[in-house]
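File shown: work_5.txt. Contents: compact mmCIF, C-alpha atoms and all ligand atoms.
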# COMPACT_ATOMS: atom_id res chain seq x y z
CA MET V 1223 -8.85 7.39 -14.98
CA MET V 1224 -7.84 6.56 -18.50
CA ILE V 1225 -8.93 3.72 -20.63
CA VAL V 1226 -5.90 2.62 -22.47
CA ILE V 1227 -6.00 1.44 -26.00
CA LEU V 1228 -3.10 -0.66 -27.07
CA PHE V 1229 -2.99 -0.20 -30.78
CA GLY V 1230 -0.80 -3.20 -31.14
CA TYR V 1231 2.80 -4.17 -30.93
CA PHE V 1232 5.62 -4.11 -33.39
CA LEU V 1233 8.55 -6.43 -33.29
CA THR V 1234 11.75 -4.55 -33.86
CA GLY V 1235 13.68 -7.06 -35.89
CA VAL V 1236 16.80 -4.94 -35.58
CA CYS V 1237 17.22 -5.67 -31.92
CA GLY V 1238 16.63 -9.39 -32.31
CA ASP V 1239 14.19 -11.63 -30.54
CA GLY V 1240 12.65 -11.00 -27.20
CA VAL V 1241 11.69 -7.35 -27.55
CA ALA V 1242 8.45 -5.69 -28.53
CA ASP V 1243 6.93 -2.23 -28.65
CA VAL V 1244 4.12 -1.15 -26.38
CA VAL V 1245 1.77 1.63 -27.39
CA LEU V 1246 -0.01 3.41 -24.58
CA SER V 1247 -2.61 6.10 -24.75
CA CYS V 1248 -1.76 8.75 -22.23
CA THR V 1249 -2.68 12.22 -21.07
CA LEU V 1250 -0.39 15.20 -21.32
CA VAL V 1251 -1.01 17.26 -18.20
CA GLU V 1252 0.01 20.90 -18.36
CA GLU V 1253 -0.10 23.42 -15.62
CA GLY V 1254 -1.38 26.82 -16.61
CA VAL V 1255 -2.69 29.95 -14.99
CA GLY V 1256 -6.43 30.11 -14.78
CA LEU V 1257 -8.34 32.72 -16.71
CA GLY V 1258 -10.02 35.46 -14.79
CA GLY V 1259 -6.97 37.55 -13.87
CA MET V 1260 -5.92 37.88 -10.26
CA GLY V 1261 -8.46 35.44 -8.93
CA GLY V 1262 -7.54 32.63 -11.29
CA GLY V 1263 -5.74 29.72 -9.70
CA THR V 1264 -3.68 26.97 -11.26
CA VAL V 1265 -5.52 24.96 -13.83
CA PHE V 1266 -4.46 21.76 -15.46
CA THR V 1267 -5.12 21.12 -19.09
CA ARG V 1268 -5.30 17.55 -20.24
CA THR V 1269 -4.49 16.62 -23.81
CA PRO V 1270 -4.52 13.11 -25.25
CA ALA V 1271 -1.06 11.84 -26.13
CA THR V 1272 0.47 8.56 -27.23
CA LEU V 1273 3.57 6.93 -25.83
CA VAL V 1274 5.40 4.21 -27.72
CA LEU V 1275 7.83 2.23 -25.58
CA ARG V 1276 10.40 0.68 -27.91
CA ASP V 1277 12.26 -2.54 -27.21
CA VAL V 1278 10.38 -3.72 -24.13
CA ALA V 1279 11.89 -7.05 -23.08
CA VAL V 1280 9.59 -10.03 -23.65
CA ALA V 1281 10.03 -13.34 -21.84
CA PRO V 1282 11.49 -16.03 -24.17
CA ASP V 1283 8.42 -18.27 -23.81
CA GLU V 1284 6.14 -15.45 -24.89
CA SER V 1285 4.08 -16.04 -28.00
CA LEU V 1286 4.78 -13.13 -30.29
CA GLU V 1287 2.48 -14.12 -33.14
CA THR V 1288 -0.47 -12.35 -31.56
CA LEU V 1289 1.36 -9.05 -31.56
CA THR V 1290 0.41 -6.83 -34.46
CA PRO V 1291 2.75 -4.07 -35.62
CA PHE V 1292 2.43 -0.47 -34.59
CA VAL V 1293 2.42 1.68 -37.71
CA PRO V 1294 3.48 5.30 -37.37
CA PRO V 1295 1.08 7.71 -39.11
CA SER V 1296 1.80 7.86 -42.85
CA ILE V 1297 1.40 11.64 -42.86
CA PRO V 1298 3.17 13.21 -39.87
CA ASP V 1299 0.75 15.36 -37.90
CA PRO V 1300 2.24 18.35 -36.02
CA ASP V 1301 -0.89 18.49 -33.84
CA ALA V 1302 -0.56 14.94 -32.55
CA ILE V 1303 1.53 14.28 -29.47
CA LEU V 1304 3.34 11.04 -30.16
CA LEU V 1305 6.27 10.27 -27.89
CA GLU V 1306 8.66 7.50 -28.70
CA ALA V 1307 10.98 6.19 -25.99
CA LYS V 1308 13.67 3.56 -26.18
CA VAL V 1309 13.55 1.55 -22.97
CA SER V 1310 16.27 -1.05 -23.42
CA SER V 1311 18.73 0.83 -21.24
CA PRO V 1312 17.72 1.33 -18.52
CA GLU V 1313 15.09 -1.38 -18.72
CA ILE V 1314 11.74 -0.80 -17.02
CA PRO V 1315 11.39 -3.49 -14.32
CA ASN V 1316 8.31 -5.70 -14.89
CA ALA V 1317 7.53 -3.93 -18.18
CA HIS V 1318 6.05 -7.19 -19.53
CA VAL V 1319 3.00 -6.31 -17.41
CA LEU V 1320 2.27 -3.53 -19.90
CA LEU V 1321 2.23 -6.04 -22.75
CA HIS V 1322 -0.52 -8.06 -21.12
CA ALA V 1323 -2.56 -5.32 -19.52
CA ASP V 1324 -4.87 -5.13 -22.51
CA CYS V 1325 -5.61 -8.86 -22.70
CA ASN V 1326 -6.15 -9.04 -18.96
CA GLU V 1327 -8.48 -6.03 -19.07
CA GLN V 1328 -6.30 -4.01 -16.76
CA GLU V 1329 -6.15 -0.27 -16.93
CA VAL V 1330 -2.81 1.34 -17.55
CA MET V 1331 -2.73 4.86 -16.17
CA CYS V 1332 -0.27 6.97 -18.11
CA GLU V 1333 0.30 10.63 -17.39
CA ILE V 1334 2.92 12.76 -19.09
CA SER V 1335 4.07 16.18 -17.96
CA ARG V 1336 6.88 18.56 -18.91
CA TYR V 1337 9.80 18.33 -16.54
CA SER V 1338 11.70 21.56 -16.32
CA LEU V 1339 15.19 21.88 -14.96
CA HIS V 1340 16.34 24.96 -13.11
CA GLY V 1341 16.71 27.91 -15.42
CA SER V 1342 15.92 26.04 -18.61
CA GLN V 1343 13.46 27.51 -21.07
CA GLU V 1344 10.28 25.65 -21.92
CA SER V 1345 11.25 25.30 -25.57
CA SER V 1346 14.99 24.73 -25.11
CA GLU V 1347 16.55 21.41 -26.02
CA PRO V 1348 16.91 18.82 -24.83
CA ALA V 1349 13.48 18.87 -23.26
CA TYR V 1350 12.39 16.52 -20.47
CA PHE V 1351 9.18 14.72 -19.67
CA MET V 1352 8.01 12.93 -16.56
CA VAL V 1353 5.85 9.89 -17.27
CA SER V 1354 3.97 8.14 -14.52
CA LEU V 1355 2.76 4.62 -15.30
CA ASN V 1356 0.44 2.63 -13.06
CA VAL V 1357 -1.44 -0.63 -13.39
CA GLU V 1358 -3.65 -0.93 -10.36
CA GLU V 1359 -4.46 -4.64 -10.36
CA VAL V 1360 -0.92 -5.96 -10.69
CA GLU V 1361 0.99 -3.51 -8.55
CA PHE V 1362 2.93 -1.92 -11.38
CA SER V 1363 4.14 1.60 -10.70
CA THR V 1364 6.99 3.48 -12.32
CA ALA V 1365 7.97 7.11 -12.88
CA LEU V 1366 10.17 7.73 -15.93
CA ILE V 1367 12.13 10.78 -16.96
CA LEU V 1368 12.47 11.07 -20.73
CA GLN V 1369 14.98 13.27 -22.50
CA THR V 1370 14.44 14.32 -26.11
CA LEU V 1371 17.01 13.27 -28.70
CA THR V 1372 18.58 15.79 -31.02
CA VAL V 1373 16.85 16.07 -34.38
CA ASN V 1374 18.86 17.19 -37.42
CA LYS V 1375 16.69 20.04 -38.53
CA ASP V 1376 16.10 21.08 -42.12
CA GLN V 1377 13.29 22.87 -43.99
CA SER V 1378 11.08 19.81 -43.91
CA THR V 1379 11.31 19.35 -40.13
CA LEU V 1380 7.92 19.70 -38.50
CA ILE V 1381 7.55 21.36 -35.13
CA GLN V 1382 5.04 19.92 -32.68
CA LYS V 1383 2.48 22.72 -32.25
CA LYS V 1384 1.76 22.45 -28.56
CA LEU V 1385 5.24 21.65 -27.33
CA GLY V 1386 7.33 23.61 -29.83
CA LEU V 1387 9.72 20.71 -30.29
CA PRO V 1388 11.03 19.30 -33.58
CA LEU V 1389 9.57 16.02 -34.78
CA SER V 1390 11.33 13.08 -36.39
CA GLN V 1391 10.67 12.02 -40.02
CA SER V 1392 7.83 9.80 -38.86
CA GLY V 1393 6.21 12.57 -36.84
CA THR V 1394 7.24 11.37 -33.40
CA LEU V 1395 9.07 13.08 -30.58
CA MET V 1396 12.15 10.92 -30.14
CA THR V 1397 13.18 10.46 -26.52
CA GLU V 1398 15.12 8.09 -24.30
CA VAL V 1399 14.61 7.07 -20.71
CA ILE V 1400 17.38 8.54 -18.62
CA PHE V 1401 16.13 7.88 -15.11
CA LEU V 1402 13.32 5.94 -13.47
CA VAL V 1403 12.00 5.20 -9.99
CA PHE V 1404 9.71 2.23 -9.32
CA SER V 1405 8.06 0.56 -6.37
CA HIS V 1406 5.41 -1.86 -7.69
CA ILE V 1407 4.13 -2.76 -4.23
CA LYS V 1408 1.82 0.11 -3.48
CA SER V 1409 0.18 -1.11 -0.31
CA VAL V 1410 1.80 -3.08 2.50
CA THR V 1411 0.22 -4.51 5.64
CA ALA V 1412 2.45 -5.36 8.58
CA PRO V 1413 1.87 -6.39 12.20
CA LEU V 1414 2.26 -4.02 15.13
CA ARG V 1415 5.73 -4.31 16.69
CA GLY V 1416 6.88 -6.17 13.56
CA ASP V 1417 9.30 -5.04 10.85
CA VAL V 1418 8.52 -4.03 7.28
CA LEU V 1419 10.40 -3.30 4.07
CA LEU V 1420 8.95 -0.59 1.84
CA ASN V 1421 10.15 -1.21 -1.67
CA CYS V 1422 11.62 1.51 -3.89
CA GLY V 1423 14.20 1.20 -6.64
CA PHE V 1424 15.78 3.36 -9.31
CA LYS V 1425 17.74 3.00 -12.51
CA GLN V 1426 19.66 5.43 -14.61
CA GLN V 1427 21.41 5.25 -17.93
CA GLU V 1428 24.48 3.07 -18.08
CA ILE V 1429 26.69 6.11 -18.18
CA PRO V 1430 25.40 7.50 -14.89
CA LEU V 1431 23.95 10.95 -14.98
CA ALA V 1432 25.52 11.68 -11.68
CA GLN V 1433 27.64 10.22 -8.93
CA ASP V 1434 25.60 11.94 -6.24
CA VAL V 1435 22.45 10.15 -5.16
CA GLY V 1436 19.93 11.38 -2.64
CA ILE V 1437 17.21 9.22 -1.09
CA ALA V 1438 14.41 10.68 1.00
CA TRP V 1439 11.56 8.84 2.70
CA ARG V 1440 8.67 10.90 4.02
CA LEU V 1441 5.50 9.86 5.82
CA GLN V 1442 2.21 11.62 5.37
CA HIS V 1443 -0.69 10.95 7.65
CA ARG V 1444 -3.85 12.94 8.25
CA GLY V 1445 -2.46 16.06 6.60
CA LYS V 1446 0.87 16.05 8.44
CA GLY V 1447 4.27 15.16 7.07
CA TRP V 1448 7.37 13.70 8.72
CA LYS V 1449 10.86 13.00 7.50
CA VAL V 1450 11.51 9.32 8.05
CA LEU V 1451 14.98 9.07 6.59
CA GLU V 1452 17.32 10.99 4.33
CA MET V 1453 20.48 9.65 2.76
CA LYS V 1454 23.08 11.21 0.56
CA THR V 1455 25.81 9.14 -0.99
CA ARG V 1456 28.17 8.97 -3.93
CA LEU V 1457 28.19 6.04 -6.32
CA ASP V 1458 31.99 6.04 -6.44
CA ASP V 1459 32.66 6.37 -2.72
CA VAL V 1460 29.97 4.81 -0.55
CA GLU V 1461 32.11 4.44 2.55
CA GLY V 1462 33.45 7.95 2.59
CA SER V 1463 30.47 9.94 1.46
CA THR V 1464 27.31 8.41 2.93
CA VAL V 1465 25.42 10.73 5.21
CA VAL V 1466 22.23 9.43 6.82
CA HIS V 1467 19.70 11.34 8.83
CA ALA V 1468 17.07 9.06 10.34
CA GLY V 1469 14.07 11.01 11.60
CA ARG V 1470 12.43 7.82 12.81
CA ARG V 1471 14.34 5.59 15.17
CA GLY V 1472 14.57 2.13 13.69
CA SER V 1473 14.57 3.12 10.02
CA SER V 1474 17.36 2.18 7.65
CA VAL V 1475 18.33 2.18 4.00
CA ASP V 1476 21.25 0.00 2.96
CA ALA V 1477 23.80 2.33 1.32
CA ALA V 1478 25.58 -0.59 -0.37
CA GLN V 1479 22.29 -1.70 -1.96
CA VAL V 1480 21.52 1.85 -3.06
CA VAL V 1481 24.81 2.05 -4.90
CA GLY V 1482 25.09 -1.55 -6.04
CA GLU V 1483 21.54 -2.29 -7.13
CA GLY V 1484 19.67 0.98 -7.13
CA ASN V 1485 17.67 -0.38 -4.20
CA ALA V 1486 16.43 2.47 -2.04
CA SER V 1487 14.00 0.37 0.03
CA VAL V 1488 13.60 1.39 3.65
CA THR V 1489 13.30 -1.03 6.58
CA LEU V 1490 11.19 0.05 9.54
CA THR V 1491 11.50 -1.96 12.73
CA LYS V 1492 9.18 -2.29 15.76
CA LEU V 1493 6.17 -0.80 14.01
CA LYS V 1494 3.82 1.40 15.94
CA VAL V 1495 0.33 2.54 15.09
CA VAL V 1496 1.71 6.02 14.31
CA ASP V 1497 3.87 4.54 11.53
CA GLU V 1498 0.76 3.95 9.48
CA GLY V 1499 0.24 6.24 6.51
CA THR V 1500 1.44 7.17 3.04
CA TYR V 1501 5.17 6.95 2.40
CA ILE V 1502 6.86 8.87 -0.37
CA CYS V 1503 10.19 7.65 -1.68
CA THR V 1504 12.09 10.35 -3.56
CA VAL V 1505 15.29 9.53 -5.43
CA SER V 1506 17.42 12.38 -6.73
CA VAL V 1507 20.30 12.10 -9.17
CA ASP V 1508 21.83 15.21 -10.64
CA LEU V 1509 18.97 17.68 -11.18
CA PHE V 1510 16.41 14.95 -11.59
CA HIS V 1511 14.16 13.52 -8.98
CA ALA V 1512 11.23 11.16 -9.15
CA GLN V 1513 8.94 9.65 -6.54
CA GLN V 1514 6.87 6.63 -5.64
CA VAL V 1515 4.06 6.39 -3.12
CA ILE V 1516 3.49 3.39 -0.84
CA HIS V 1517 0.75 2.92 1.78
CA LEU V 1518 1.54 1.16 5.02
CA ASN V 1519 -1.26 -0.38 7.11
CA VAL V 1520 -0.47 -1.59 10.59
CA ILE V 1521 -2.57 -4.41 12.03
CA GLN V 1522 -2.88 -6.20 15.33
CA PRO V 1523 -5.39 -9.02 15.89
CA PRO V 1524 -7.58 -8.85 19.04
CA HIS V 1525 -7.28 -11.08 22.08
CA VAL V 1526 -10.74 -12.44 22.91
CA SER V 1527 -11.88 -13.74 26.30
CA LEU V 1528 -15.03 -14.25 28.38
CA SER V 1529 -15.55 -12.71 31.82
CA GLU V 1530 -16.47 -16.08 33.36
CA GLU V 1531 -14.95 -19.51 33.12
CA ARG V 1532 -18.21 -21.18 34.19
CA LEU V 1533 -21.78 -19.98 34.18
CA ILE V 1534 -24.07 -21.76 36.62
CA LEU V 1535 -27.72 -20.80 36.30
CA LYS V 1536 -29.42 -19.25 39.30
CA SER V 1537 -33.12 -19.89 39.51
CA GLU V 1538 -34.14 -16.35 40.34
CA SER V 1539 -31.81 -13.76 38.79
CA PRO V 1540 -30.34 -13.18 35.31
CA GLN V 1541 -26.55 -13.02 35.03
CA THR V 1542 -24.17 -10.99 32.91
CA LEU V 1543 -21.60 -12.61 30.66
CA SER V 1544 -19.03 -10.26 29.11
CA CYS V 1545 -16.85 -10.80 26.09
CA HIS V 1546 -13.64 -8.78 26.06
CA CYS V 1547 -11.95 -8.02 22.78
CA THR V 1548 -8.66 -6.35 23.58
CA LYS V 1549 -5.70 -4.50 22.07
CA TYR V 1550 -6.49 -4.64 18.37
CA TYR V 1551 -5.88 -2.35 15.43
CA PRO V 1552 -7.49 -0.96 13.28
CA LEU V 1553 -10.77 -0.04 14.92
CA ASP V 1554 -13.19 -2.13 12.88
CA ALA V 1555 -13.90 -5.19 15.01
CA GLN V 1556 -17.25 -6.97 15.03
CA MET V 1557 -18.61 -8.96 17.96
CA GLU V 1558 -21.47 -11.39 17.80
CA TRP V 1559 -23.21 -13.64 20.34
CA LEU V 1560 -24.41 -17.10 19.32
CA SER V 1561 -26.14 -19.84 21.20
CA LEU V 1562 -26.47 -23.56 20.61
CA SER V 1563 -29.06 -25.34 22.72
CA PRO V 1564 -28.53 -29.07 23.42
CA THR V 1565 -31.39 -29.97 21.07
CA ASP V 1566 -30.03 -28.00 18.09
CA THR V 1567 -27.27 -28.86 15.66
CA GLU V 1568 -26.50 -25.37 14.35
CA PRO V 1569 -25.82 -22.33 16.53
CA THR V 1570 -28.15 -19.38 16.13
CA VAL V 1571 -27.23 -15.72 16.30
CA LEU V 1572 -28.89 -14.30 19.38
CA SER V 1573 -31.52 -11.66 18.74
CA ASP V 1574 -30.40 -9.89 21.91
CA GLN V 1575 -26.82 -8.96 21.16
CA GLY V 1576 -26.18 -7.50 24.59
CA SER V 1577 -24.75 -4.04 25.15
CA LEU V 1578 -21.43 -2.78 23.87
CA SER V 1579 -19.04 -0.72 25.93
CA SER V 1580 -17.50 2.24 24.14
CA HIS V 1581 -14.13 1.74 22.50
CA ARG V 1582 -11.14 2.32 24.71
CA GLN V 1583 -7.90 3.44 23.10
CA HIS V 1584 -4.63 2.45 24.75
CA GLY V 1585 -1.35 4.34 24.84
CA ASP V 1586 0.01 2.25 21.96
CA GLY V 1587 -2.92 3.22 19.75
CA THR V 1588 -4.69 -0.14 19.94
CA TYR V 1589 -8.36 -0.47 20.91
CA SER V 1590 -10.45 -2.59 23.28
CA LEU V 1591 -14.16 -3.26 23.32
CA SER V 1592 -16.47 -5.35 25.52
CA SER V 1593 -19.93 -6.72 24.96
CA HIS V 1594 -22.19 -7.60 27.90
CA LEU V 1595 -24.84 -10.27 27.47
CA THR V 1596 -27.66 -10.91 29.90
CA VAL V 1597 -28.18 -14.64 30.44
CA HIS V 1598 -31.68 -15.27 31.77
CA SER V 1599 -32.55 -18.13 34.08
CA SER V 1600 -34.87 -19.48 31.36
CA VAL V 1601 -31.87 -20.64 29.29
CA SER V 1602 -31.79 -24.42 29.21
CA PRO V 1603 -28.75 -25.98 30.87
CA GLY V 1604 -26.28 -27.40 28.37
CA THR V 1605 -26.67 -24.42 26.03
CA LYS V 1606 -23.39 -23.33 24.50
CA ILE V 1607 -22.92 -19.56 24.37
CA THR V 1608 -20.30 -18.26 21.96
CA CYS V 1609 -18.76 -14.84 21.42
CA ARG V 1610 -17.48 -14.53 17.87
CA VAL V 1611 -15.14 -11.71 16.79
CA SER V 1612 -14.24 -10.68 13.26
CA HIS V 1613 -11.36 -8.31 12.55
CA PRO V 1614 -9.28 -7.40 9.46
CA ALA V 1615 -6.16 -8.81 11.16
CA LEU V 1616 -7.80 -12.24 11.53
CA ASP V 1617 -8.00 -14.73 8.67
CA ALA V 1618 -11.06 -16.34 10.24
CA PRO V 1619 -13.31 -15.12 13.10
CA LEU V 1620 -12.17 -15.96 16.64
CA SER V 1621 -14.65 -17.70 18.96
CA VAL V 1622 -14.73 -18.26 22.71
CA SER V 1623 -17.56 -20.17 24.36
CA LEU V 1624 -18.88 -21.78 27.50
CA VAL V 1625 -21.66 -24.23 28.31
CA VAL V 1626 -24.37 -23.06 30.71
CA GLU V 1627 -24.57 -25.36 33.74
CA SER V 1628 -27.65 -26.24 35.77
CA PRO V 1629 -27.86 -25.07 39.36
CA GLU V 1630 -26.46 -27.61 41.81
CA PRO V 1631 -28.77 -27.60 44.84
CA GLY V 1632 -26.35 -29.74 46.80
CA SER V 1633 -23.65 -27.16 46.65
CA TYR V 1634 -25.72 -24.64 48.60
CA TRP V 1635 -25.91 -27.02 51.53
CA TRP V 1636 -22.22 -27.68 51.30
CA VAL V 1637 -21.44 -23.96 51.47
CA LEU V 1638 -23.86 -23.48 54.31
CA GLY V 1639 -22.33 -26.39 56.19
CA PHE V 1640 -18.86 -24.95 55.63
CA LEU V 1641 -19.97 -21.55 56.99
CA ILE V 1642 -21.51 -23.12 60.11
CA ILE V 1643 -18.38 -25.11 60.84
CA THR V 1644 -16.14 -22.08 60.34
CA GLY V 1645 -18.42 -20.02 62.55
CA LEU V 1646 -18.28 -22.61 65.29
CA PHE V 1647 -14.50 -22.80 64.99
CA PHE V 1648 -14.09 -19.05 65.44
CA TYR V 1649 -16.58 -19.10 68.28
CA GLN V 1650 -14.40 -21.68 70.04
CA VAL V 1651 -11.16 -19.81 69.38
CA MET V 1652 -12.42 -16.37 70.45
CA ARG V 1653 -14.03 -17.51 73.61
C1 LIG G 1701 15.61 -4.45 -2.31
O1 LIG G 1701 16.14 -5.48 -1.50
C2 LIG G 1701 15.21 -6.28 -0.80
C3 LIG G 1701 15.96 -7.30 0.02
O2 LIG G 1701 16.97 -6.72 0.72
C4 LIG G 1701 14.26 -6.95 -1.77
O3 LIG G 1701 13.30 -7.67 -1.06
C5 LIG G 1701 13.62 -5.92 -2.65
O4 LIG G 1701 12.82 -6.55 -3.62
C6 LIG G 1701 14.67 -5.06 -3.34
N1 LIG G 1701 13.99 -4.01 -4.08
C7 LIG G 1701 14.41 -3.54 -5.24
C8 LIG G 1701 13.62 -2.43 -5.79
O5 LIG G 1701 15.38 -3.96 -5.81

Spell out the structure here as structure tokens.
Amino acid sequence: MMIVILFGYFLTGVCGDGVADVVLSCTLVEEGVGLGGMGGGTVFTRTPATLVLRDVAVAPDESLETLTPFVPPSIPDPDAILLEAKVSSPEIPNAHVLLHADCNEQEVMCEISRYSLHGSQESSEPAYFMVSLNVEEVEFSTALILQTLTVNKDQSTLIQKKLGLPLSQSGTLMTEVIFLVFSHIKSVTAPLRGDVLLNCGFKQQEIPLAQDVGIAWRLQHRGKGWKVLEMKTRLDDVEGSTVVHAGRRGSSVDAAQVVGEGNASVTLTKLKVVDEGTYICTVSVDLFHAQQVIHLNVIQPPHVSLSEERLILKSESPQTLSCHCTKYYPLDAQMEWLSLSPTDTEPTVLSDQGSLSSHRQHGDGTYSLSSHLTVHSSVSPGTKITCRVSHPALDAPLSVSLVVESPEPGSYWWVLGFLIITGLFFYQVMR
């Protein structure tokens, strides 16, 4: 986790109103080989770095007076890692969130890593960086690929010590965003047997890097991975070139939306419990690919019922009343017994909460649970007994109840009389 310090913002007068600069403190993550020879594994080194996003669009009603200018260091420092990226084209969707993160005390996670293309040398130019930006509280999530701009080198050009790349006059590494993938909605909850849209979008520079676009959706759950859907298409020929391989029945990505709007969202229909998990959306253009991660939670509220419609007290023996909570997902359901005697105004939670059956899991992955309460003959007639169930899929707890009835002595005689008459009838018939 990184605490981000926004040094301030600088209005670029050149580009007119409605744009500002955002300064983010980030971490440069580098993969290296661990010390200790053969036994050493991969280690990651983390170095503080700064990212300046230039020309972030600001809403017209935004008050810009509070924004103080970002001043590049007066003496360029070849040790500092200061990346500057122009983000006007392509624009980062919802980038205004980054402007307000500081005021709203939200943490911006910013991680930068070198992005190497096949066969390219570490120090060759242009160089590429992958930046992953996340703001937890407001569902902001974007992965950017930055490409360094050419610097006209002369004797005075400084070289960044760690990266071996030439710096601009002001000591920054000049880059531009060439490709980005975003999702923003990182966690989705959808009902069992319902449909869901998992959001994922991408943008590339106005002059597209590539005509070929690949979309892949994968699901990861409990250490296993599945291919949900793969699509390959060409921006210039959607009809003729789109190839889709759906690993999950009832999954679709709209090829026209991919090409027209950079919308790679997947729709999953008739959700099952097994669809729950972590989805990874990967968009590839040219040699670049970037990902977003989205969690899907499936829910199904329980059906709650009592074993009896009526409960008539018997003077001698206690009776069992069961509460059945059926076909819910996920597992965490809570059952509670309450009673309200005729003389009370508020129900009380019973100290004897009965006995719980063990969870039963059904073929569709949902669960059922029952609770059995012993109702003693000492309970006063007119007492209302309630079974209350709480579950994440319910906005408010569900209750089912019945009122305990007093024994009806008359009814025994009626039953007895009925039996005698029936007996006599059969006696007559069989004779
Ligand atoms: C993709 O399209 C759907 C509607 O079809 C919309 O709800 C969603 O926000 C779009 N996502 C992106 C990234 O454009």

Please provide as JSON, numbers by chain all residues within 6 Å of stretch 1487-1504 of chain V, with the sequence filter that same-chain residues fewer than 2 positions apart are discarded (counting only C-alpha atoms). {"V": [1414, 1415, 1416, 1417, 1418, 1419, 1420, 1421, 1422, 1437, 1438, 1439, 1440, 1441, 1442, 1443, 1472, 1473, 1474, 1475, 1485, 1512, 1513, 1514, 1515, 1516, 1517, 1518, 1519, 1520, 1587]}

Would you export the selected residues with C-alpha atoms as an mmCIF file, in the coordinates of the input, please?
data_model
loop_
_atom_site.group_PDB
_atom_site.id
_atom_site.type_symbol
_atom_site.label_atom_id
_atom_site.label_comp_id
_atom_site.auth_asym_id
_atom_site.auth_seq_id
_atom_site.Cartn_x
_atom_site.Cartn_y
_atom_site.Cartn_z
ATOM 1 C CA LEU V 1414 2.260 -4.020 15.130
ATOM 2 C CA ARG V 1415 5.730 -4.310 16.690
ATOM 3 C CA GLY V 1416 6.880 -6.170 13.560
ATOM 4 C CA ASP V 1417 9.300 -5.040 10.850
ATOM 5 C CA VAL V 1418 8.520 -4.030 7.280
ATOM 6 C CA LEU V 1419 10.400 -3.300 4.070
ATOM 7 C CA LEU V 1420 8.950 -0.590 1.840
ATOM 8 C CA ASN V 1421 10.150 -1.210 -1.670
ATOM 9 C CA CYS V 1422 11.620 1.510 -3.890
ATOM 10 C CA ILE V 1437 17.210 9.220 -1.090
ATOM 11 C CA ALA V 1438 14.410 10.680 1.000
ATOM 12 C CA TRP V 1439 11.560 8.840 2.700
ATOM 13 C CA ARG V 1440 8.670 10.900 4.020
ATOM 14 C CA LEU V 1441 5.500 9.860 5.820
ATOM 15 C CA GLN V 1442 2.210 11.620 5.370
ATOM 16 C CA HIS V 1443 -0.690 10.950 7.650
ATOM 17 C CA GLY V 1472 14.570 2.130 13.690
ATOM 18 C CA SER V 1473 14.570 3.120 10.020
ATOM 19 C CA SER V 1474 17.360 2.180 7.650
ATOM 20 C CA VAL V 1475 18.330 2.180 4.000
ATOM 21 C CA ASN V 1485 17.670 -0.380 -4.200
ATOM 22 C CA ALA V 1512 11.230 11.160 -9.150
ATOM 23 C CA GLN V 1513 8.940 9.650 -6.540
ATOM 24 C CA GLN V 1514 6.870 6.630 -5.640
ATOM 25 C CA VAL V 1515 4.060 6.390 -3.120
ATOM 26 C CA ILE V 1516 3.490 3.390 -0.840
ATOM 27 C CA HIS V 1517 0.750 2.920 1.780
ATOM 28 C CA LEU V 1518 1.540 1.160 5.020
ATOM 29 C CA ASN V 1519 -1.260 -0.380 7.110
ATOM 30 C CA VAL V 1520 -0.470 -1.590 10.590
ATOM 31 C CA GLY V 1587 -2.920 3.220 19.750
#

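Atom CA of V:Leu1543 is found 23.4 Å from atom CA of V:His1584.
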
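Reported to one decimal place, the separation of atom CA of V:Val1481 from atom CA of V:Val1435 is 8.4 Å.
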
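For the pair atom CA of V:Glu1398 and atom CA of V:Ile1367, the interatomic distance is 8.4 Å.
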
Just want the 9 Å neighbourhood of stretch 1291-1305 of chain V, counted on all atoms listed in the file, with same-chain residues fewer than 3 positions away dropped. Output as number ranges by chain. V: 1229-1233, 1243-1245, 1250, 1269-1275, 1380-1385, 1389-1397

Can you pull out every residue within 10 Å of V:Ser1335, counting all atoms listed in the file, but drop anything in the same chain fewer than 6 positions away, and send it as a PyMOL selection string? chain V and resi 1249-1253+1268+1350-1354+1367

The residue from V:Val1626, V:Ala1615, V:Ala1486, V:Leu1572 with the smallest atom-to-atom distance to ligand LIG 1701 (chain G), counting all atoms listed in the file, is V:Ala1486

Considering all atoms listed in the file, can you say which of V:Ser1593, V:Asn1316, V:Ser1561, V:Ser1621 comes closest to ligand LIG 1701 (chain G)?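 The closest residue to ligand LIG 1701 (chain G) is V:Asn1316.
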
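With distances restricted to only C-alpha atoms and all ligand atoms, V:Pro1315 is the closest residue to ligand LIG 1701 (chain G) from V:Gly1645, V:Gly1639, V:Gly1469, V:Pro1315.
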
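Comparing the minimum interatomic distances between ligand LIG 1701 (chain G) and each of V:Val1309, V:Ala1242, V:Ala1468, V:Ala1478, counting all atoms listed in the file, we find that V:Ala1478 sits nearest.
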
Closest of V:Ile1334, V:Ala1349, V:Val1399, V:Ala1279 to V:Ala1307 - atom-to-atom distances counting all atoms listed in the file: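 Going through V:Ile1334, V:Ala1349, V:Val1399, V:Ala1279 one by one, the smallest distance to V:Ala1307 is for V:Val1399.
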
Identify which of the residues V:Gln1479, V:Ser1612, V:Ser1310, V:Ser1363 lies closest to ligand LIG 1701 (chain G), counting all atoms listed in the file when measuring atom-to-atom distances.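 Answer, going by the shortest atom-to-atom distance: V:Gln1479.
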
Can you find the residues with an atom no farther than 9 Å from (-21.1, -20.2, 36.8), counting all atoms listed in the file, and report them as JSON, numbers by chain? {"V": [1530, 1531, 1532, 1533, 1534, 1535, 1536, 1626, 1627, 1628, 1629]}
